[in-house]
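Asks: File name query-v4.cif; file contents mmCIF, C-alpha atoms; full text below.
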data_structure
loop_
_atom_site.label_atom_id
_atom_site.label_comp_id
_atom_site.auth_asym_id
_atom_site.auth_seq_id
_atom_site.Cartn_x
_atom_site.Cartn_y
_atom_site.Cartn_z
CA MET G 860 71.02 74.56 118.49
CA PHE G 861 72.70 71.16 118.50
CA MET G 862 76.49 71.43 118.31
CA TYR G 863 78.24 68.44 116.78
CA CYS G 864 81.79 69.83 116.63
CA CYS G 865 83.75 72.70 118.08
CA ILE G 866 87.12 73.75 116.66
CA ALA G 867 89.34 76.35 118.30
CA ILE G 868 92.00 77.89 116.08
CA GLU G 869 94.59 80.32 117.42
CA VAL G 870 95.94 82.70 114.78
CA GLU G 871 98.06 85.79 115.46
CA GLY G 872 97.33 85.53 119.18
CA ARG G 873 93.57 85.54 118.63
CA MET G 874 91.27 82.59 119.19
CA ARG G 875 88.68 81.74 116.56
CA LEU G 876 85.93 79.39 117.65
CA ILE G 877 84.06 77.37 115.05
CA THR G 878 80.92 75.48 116.01
CA ALA G 879 79.09 73.28 113.56
CA THR G 880 76.21 70.87 113.42
CA SER G 881 77.98 68.43 111.10
CA GLU G 882 81.45 67.05 110.51
CA ARG G 883 81.54 68.44 106.98
CA GLU G 884 80.44 71.92 108.05
CA ALA G 885 83.11 72.02 110.77
CA ALA G 886 85.89 70.83 108.46
CA LEU G 887 85.03 73.29 105.68
CA ALA G 888 84.78 76.26 108.05
CA ALA G 889 88.11 75.40 109.69
CA GLU G 890 89.74 74.90 106.30
CA ALA G 891 88.55 78.36 105.25
CA VAL G 892 90.24 79.90 108.31
CA LEU G 893 93.49 78.04 107.57
CA ARG G 894 93.44 79.15 103.94
CA ARG G 895 92.66 82.75 104.92
CA HIS G 896 95.76 82.71 107.15
CA SER G 897 97.98 80.59 104.91
CA SER G 898 101.04 82.76 105.50
CA GLU G 899 100.79 82.07 109.26
CA VAL G 900 99.83 78.39 109.00
CA LEU G 901 103.08 77.23 110.62
CA SER G 902 102.43 79.34 113.72
CA LEU G 903 98.78 78.57 114.30
CA GLY G 904 97.35 75.95 116.58
CA TYR G 905 94.01 74.21 116.73
CA ALA G 906 91.98 71.87 118.88
CA VAL G 907 89.05 69.77 117.71
CA GLU G 908 86.24 68.39 119.85
CA CYS G 909 83.27 66.50 118.42
CA GLU G 910 80.43 64.44 119.81
CA ASN G 911 81.92 61.54 117.86
CA ARG G 912 85.60 61.01 118.67
CA ALA G 913 86.33 59.43 115.29
CA ALA G 914 84.86 62.47 113.53
CA GLY G 915 87.12 64.74 115.56
CA GLU G 916 90.14 62.66 114.62
CA ARG G 917 89.16 62.77 110.93
CA ILE G 918 88.82 66.55 111.06
CA ALA G 919 92.17 66.94 112.85
CA ASP G 920 93.84 64.73 110.22
CA TYR G 921 92.16 66.69 107.43
CA LEU G 922 93.34 70.02 108.87
CA ALA G 923 96.87 68.66 109.20
CA ASP G 924 96.74 67.72 105.50
CA VAL G 925 95.48 71.21 104.59
CA ALA G 926 98.26 72.83 106.64
CA PHE G 927 100.83 70.61 104.93
CA GLU G 928 99.45 71.53 101.52
CA LEU G 929 99.66 75.24 102.34
CA THR G 930 103.31 75.00 103.35
CA HIS G 931 104.52 73.05 100.32
#
Could you take the file, read its structure, and then write that structure out as structure tokens?
Replies:
Amino acid sequence: MFMYCCIAIEVEGRMRLITATSEREAALAAEAVLRRHSSEVLSLGYAVECENRAAGERIADYLADVAFELTH
């Protein structure tokens, strides 16, 4: 299976690894994890790696926006 993006999210001391074949799929899956753990959003961390660097930066920016939304 071709992997376009990989996102690692650490929540409550556990690592969740998201792999996706598209930028959209990766962003939506990572957003779902953030929303599921909205009460811990300030203490979680994430790293984004994609085949396309610009896509990875867009996803990281998007997740930062989601985290901001969840805390305000």
Asks: Please evaluate the PyMOL selection byres ((chain G and resi 925-929) around 8) against the structure above and give the resulting residues as a compact mmCIF listing (two decimals) with C-alpha atoms, in the coordinates of the input.
Replies:
# COMPACT_ATOMS: atom_id res chain seq x y z
CA GLU G 890 89.74 74.90 106.30
CA LEU G 893 93.49 78.04 107.57
CA ARG G 894 93.44 79.15 103.94
CA SER G 897 97.98 80.59 104.91
CA VAL G 900 99.83 78.39 109.00
CA LEU G 901 103.08 77.23 110.62
CA TYR G 921 92.16 66.69 107.43
CA LEU G 922 93.34 70.02 108.87
CA ALA G 923 96.87 68.66 109.20
CA ASP G 924 96.74 67.72 105.50
CA THR G 930 103.31 75.00 103.35
CA HIS G 931 104.52 73.05 100.32
Asks: Applying the PyMOL selection byres ((chain G and resi 883) around 12) to the file I just gave you, which residues come out? Please list them as number ranges by chain.
Replies: G: 863-864, 878-882, 884-890, 909, 914-915, 917-918, 921
Asks: Tell me, in Å to one decimal, how far CA of His896 in chain G is from CA of Ala913 in chain G.
Replies: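 It comes out at 26.4 Å.
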Asks: Have a look at CA of Glu916 in chain G and CA of Val892 in chain G and let me know their distance in Å, one decimal.
Replies: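 So the two atoms, CA of Glu916 in chain G and CA of Val892 in chain G, lie 18.4 Å apart.
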Asks: Quick one: apply the PyMOL selection byres ((chain G and resi 872) around 12) to the file and drop the selected residues here as a VMD selection string.
Replies: chain G and resid 868 to 871 873 to 875 899 902 to 904
Asks: Would you mind exporting the chosen residues as a PDB file, in the frame of the given file, restricted to C-alpha atoms?
Replies:
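Writing done, so here's out-v6.pdb:
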ATOM      1  CA  ILE G 868      92.000  77.890 116.080  1.00  0.00           C
ATOM      2  CA  GLU G 869      94.590  80.320 117.420  1.00  0.00           C
ATOM      3  CA  VAL G 870      95.940  82.700 114.780  1.00  0.00           C
ATOM      4  CA  GLU G 871      98.060  85.790 115.460  1.00  0.00           C
ATOM      5  CA  ARG G 873      93.570  85.540 118.630  1.00  0.00           C
ATOM      6  CA  MET G 874      91.270  82.590 119.190  1.00  0.00           C
ATOM      7  CA  ARG G 875      88.680  81.740 116.560  1.00  0.00           C
ATOM      8  CA  GLU G 899     100.790  82.070 109.260  1.00  0.00           C
ATOM      9  CA  SER G 902     102.430  79.340 113.720  1.00  0.00           C
ATOM     10  CA  LEU G 903      98.780  78.570 114.300  1.00  0.00           C
ATOM     11  CA  GLY G 904      97.350  75.950 116.580  1.00  0.00           C
TER      12      GLY G 904
END
Asks: Pick out the closest residue to Cys865 in chain G from this set: G:Asn911, G:Ser898, G:Ala906, G:Asp920. Count all atoms listed in the file.
Replies: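 Between G:Asn911, G:Ser898, G:Ala906, G:Asp920, the residue approaching Cys865 in chain G most closely is G:Ala906.
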Asks: Please enclose the listed atoms of range 878-883 of chain G in an axis-aligned box, pad each side by 5 Å, and write out the centre and the three edge lengths in Å, rounded to one decimal, as JSON.
Replies:
{"center_x": 78.9, "center_y": 71.3, "center_z": 111.5, "size_x": 15.3, "size_y": 18.4, "size_z": 19.0}
Asks: Could you write range 864-896 of chain G as a PDB file, keeping the file's coordinate frame, with N, CA and C atoms rebuilt where they are missing?
Replies:
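File produced: selection.pdb:
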ATOM      1  N   CYS G 864      80.344  69.633 116.511  1.00  0.00           N
ATOM      2  CA  CYS G 864      81.790  69.830 116.630  1.00  0.00           C
ATOM      3  C   CYS G 864      82.105  71.265 117.026  1.00  0.00           C
ATOM      4  N   CYS G 865      83.214  71.401 117.717  1.00  0.00           N
ATOM      5  CA  CYS G 865      83.750  72.700 118.080  1.00  0.00           C
ATOM      6  C   CYS G 865      85.242  72.673 117.766  1.00  0.00           C
ATOM      7  N   ILE G 866      85.703  73.662 117.026  1.00  0.00           N
ATOM      8  CA  ILE G 866      87.120  73.750 116.660  1.00  0.00           C
ATOM      9  C   ILE G 866      87.627  75.111 117.095  1.00  0.00           C
ATOM     10  N   ALA G 867      88.685  75.106 117.880  1.00  0.00           N
ATOM     11  CA  ALA G 867      89.340  76.350 118.300  1.00  0.00           C
ATOM     12  C   ALA G 867      90.630  76.479 117.511  1.00  0.00           C
ATOM     13  N   ILE G 868      90.795  77.626 116.864  1.00  0.00           N
ATOM     14  CA  ILE G 868      92.000  77.890 116.080  1.00  0.00           C
ATOM     15  C   ILE G 868      92.616  79.185 116.583  1.00  0.00           C
ATOM     16  N   GLU G 869      93.890  79.113 116.974  1.00  0.00           N
ATOM     17  CA  GLU G 869      94.590  80.320 117.420  1.00  0.00           C
ATOM     18  C   GLU G 869      95.466  80.823 116.280  1.00  0.00           C
ATOM     19  N   VAL G 870      95.193  82.057 115.863  1.00  0.00           N
ATOM     20  CA  VAL G 870      95.940  82.700 114.780  1.00  0.00           C
ATOM     21  C   VAL G 870      96.307  84.105 115.241  1.00  0.00           C
ATOM     22  N   GLU G 871      97.578  84.447 115.117  1.00  0.00           N
ATOM     23  CA  GLU G 871      98.060  85.790 115.460  1.00  0.00           C
ATOM     24  C   GLU G 871      97.637  86.183 116.880  1.00  0.00           C
ATOM     25  N   GLY G 872      97.680  85.252 117.800  1.00  0.00           N
ATOM     26  CA  GLY G 872      97.330  85.530 119.180  1.00  0.00           C
ATOM     27  C   GLY G 872      95.845  85.680 119.457  1.00  0.00           C
ATOM     28  N   ARG G 873      95.022  85.443 118.466  1.00  0.00           N
ATOM     29  CA  ARG G 873      93.570  85.540 118.630  1.00  0.00           C
ATOM     30  C   ARG G 873      92.945  84.165 118.438  1.00  0.00           C
ATOM     31  N   MET G 874      91.955  83.872 119.257  1.00  0.00           N
ATOM     32  CA  MET G 874      91.270  82.590 119.190  1.00  0.00           C
ATOM     33  C   MET G 874      90.025  82.719 118.324  1.00  0.00           C
ATOM     34  N   ARG G 875      89.889  81.819 117.384  1.00  0.00           N
ATOM     35  CA  ARG G 875      88.680  81.740 116.560  1.00  0.00           C
ATOM     36  C   ARG G 875      87.977  80.442 116.932  1.00  0.00           C
ATOM     37  N   LEU G 876      86.708  80.549 117.231  1.00  0.00           N
ATOM     38  CA  LEU G 876      85.930  79.390 117.650  1.00  0.00           C
ATOM     39  C   LEU G 876      84.911  79.066 116.575  1.00  0.00           C
ATOM     40  N   ILE G 877      84.979  77.843 116.080  1.00  0.00           N
ATOM     41  CA  ILE G 877      84.060  77.370 115.050  1.00  0.00           C
ATOM     42  C   ILE G 877      83.160  76.318 115.677  1.00  0.00           C
ATOM     43  N   THR G 878      81.870  76.510 115.568  1.00  0.00           N
ATOM     44  CA  THR G 878      80.920  75.480 116.010  1.00  0.00           C
ATOM     45  C   THR G 878      80.114  75.065 114.791  1.00  0.00           C
ATOM     46  N   ALA G 879      79.791  73.799 114.726  1.00  0.00           N
ATOM     47  CA  ALA G 879      79.090  73.280 113.560  1.00  0.00           C
ATOM     48  C   ALA G 879      78.161  72.146 113.965  1.00  0.00           C
ATOM     49  N   THR G 880      77.163  71.938 113.151  1.00  0.00           N
ATOM     50  CA  THR G 880      76.210  70.870 113.420  1.00  0.00           C
ATOM     51  C   THR G 880      76.517  69.604 112.636  1.00  0.00           C
ATOM     52  N   SER G 881      77.582  69.640 111.821  1.00  0.00           N
ATOM     53  CA  SER G 881      77.980  68.430 111.100  1.00  0.00           C
ATOM     54  C   SER G 881      79.499  68.405 110.946  1.00  0.00           C
ATOM     55  N   GLU G 882      80.017  67.235 110.719  1.00  0.00           N
ATOM     56  CA  GLU G 882      81.450  67.050 110.510  1.00  0.00           C
ATOM     57  C   GLU G 882      81.921  67.843 109.293  1.00  0.00           C
ATOM     58  N   ARG G 883      81.180  67.749 108.225  1.00  0.00           N
ATOM     59  CA  ARG G 883      81.540  68.440 106.980  1.00  0.00           C
ATOM     60  C   ARG G 883      81.561  69.954 107.179  1.00  0.00           C
ATOM     61  N   GLU G 884      80.530  70.481 107.803  1.00  0.00           N
ATOM     62  CA  GLU G 884      80.440  71.920 108.050  1.00  0.00           C
ATOM     63  C   GLU G 884      81.633  72.407 108.881  1.00  0.00           C
ATOM     64  N   ALA G 885      81.984  71.651 109.906  1.00  0.00           N
ATOM     65  CA  ALA G 885      83.110  72.020 110.770  1.00  0.00           C
ATOM     66  C   ALA G 885      84.418  72.005 109.988  1.00  0.00           C
ATOM     67  N   ALA G 886      84.643  70.956 109.217  1.00  0.00           N
ATOM     68  CA  ALA G 886      85.890  70.830 108.460  1.00  0.00           C
ATOM     69  C   ALA G 886      86.030  71.939 107.424  1.00  0.00           C
ATOM     70  N   LEU G 887      84.964  72.251 106.710  1.00  0.00           N
ATOM     71  CA  LEU G 887      85.030  73.290 105.680  1.00  0.00           C
ATOM     72  C   LEU G 887      85.253  74.671 106.285  1.00  0.00           C
ATOM     73  N   ALA G 888      84.595  74.958 107.398  1.00  0.00           N
ATOM     74  CA  ALA G 888      84.780  76.260 108.050  1.00  0.00           C
ATOM     75  C   ALA G 888      86.204  76.406 108.580  1.00  0.00           C
ATOM     76  N   ALA G 889      86.737  75.353 109.178  1.00  0.00           N
ATOM     77  CA  ALA G 889      88.110  75.400 109.690  1.00  0.00           C
ATOM     78  C   ALA G 889      89.108  75.514 108.550  1.00  0.00           C
ATOM     79  N   GLU G 890      88.859  74.801 107.468  1.00  0.00           N
ATOM     80  CA  GLU G 890      89.740  74.900 106.300  1.00  0.00           C
ATOM     81  C   GLU G 890      89.764  76.329 105.776  1.00  0.00           C
ATOM     82  N   ALA G 891      88.617  76.982 105.735  1.00  0.00           N
ATOM     83  CA  ALA G 891      88.550  78.360 105.250  1.00  0.00           C
ATOM     84  C   ALA G 891      89.412  79.285 106.111  1.00  0.00           C
ATOM     85  N   VAL G 892      89.407  79.086 107.417  1.00  0.00           N
ATOM     86  CA  VAL G 892      90.240  79.900 108.310  1.00  0.00           C
ATOM     87  C   VAL G 892      91.715  79.634 108.010  1.00  0.00           C
ATOM     88  N   LEU G 893      92.099  78.370 107.876  1.00  0.00           N
ATOM     89  CA  LEU G 893      93.490  78.040 107.570  1.00  0.00           C
ATOM     90  C   LEU G 893      93.929  78.671 106.249  1.00  0.00           C
ATOM     91  N   ARG G 894      93.086  78.586 105.244  1.00  0.00           N
ATOM     92  CA  ARG G 894      93.440  79.150 103.940  1.00  0.00           C
ATOM     93  C   ARG G 894      93.524  80.677 103.998  1.00  0.00           C
ATOM     94  N   ARG G 895      92.648  81.300 104.774  1.00  0.00           N
ATOM     95  CA  ARG G 895      92.660  82.750 104.920  1.00  0.00           C
ATOM     96  C   ARG G 895      93.955  83.228 105.595  1.00  0.00           C
ATOM     97  N   HIS G 896      94.538  82.372 106.420  1.00  0.00           N
ATOM     98  CA  HIS G 896      95.760  82.710 107.150  1.00  0.00           C
ATOM     99  C   HIS G 896      96.916  81.817 106.697  1.00  0.00           C
TER     100      HIS G 896
END
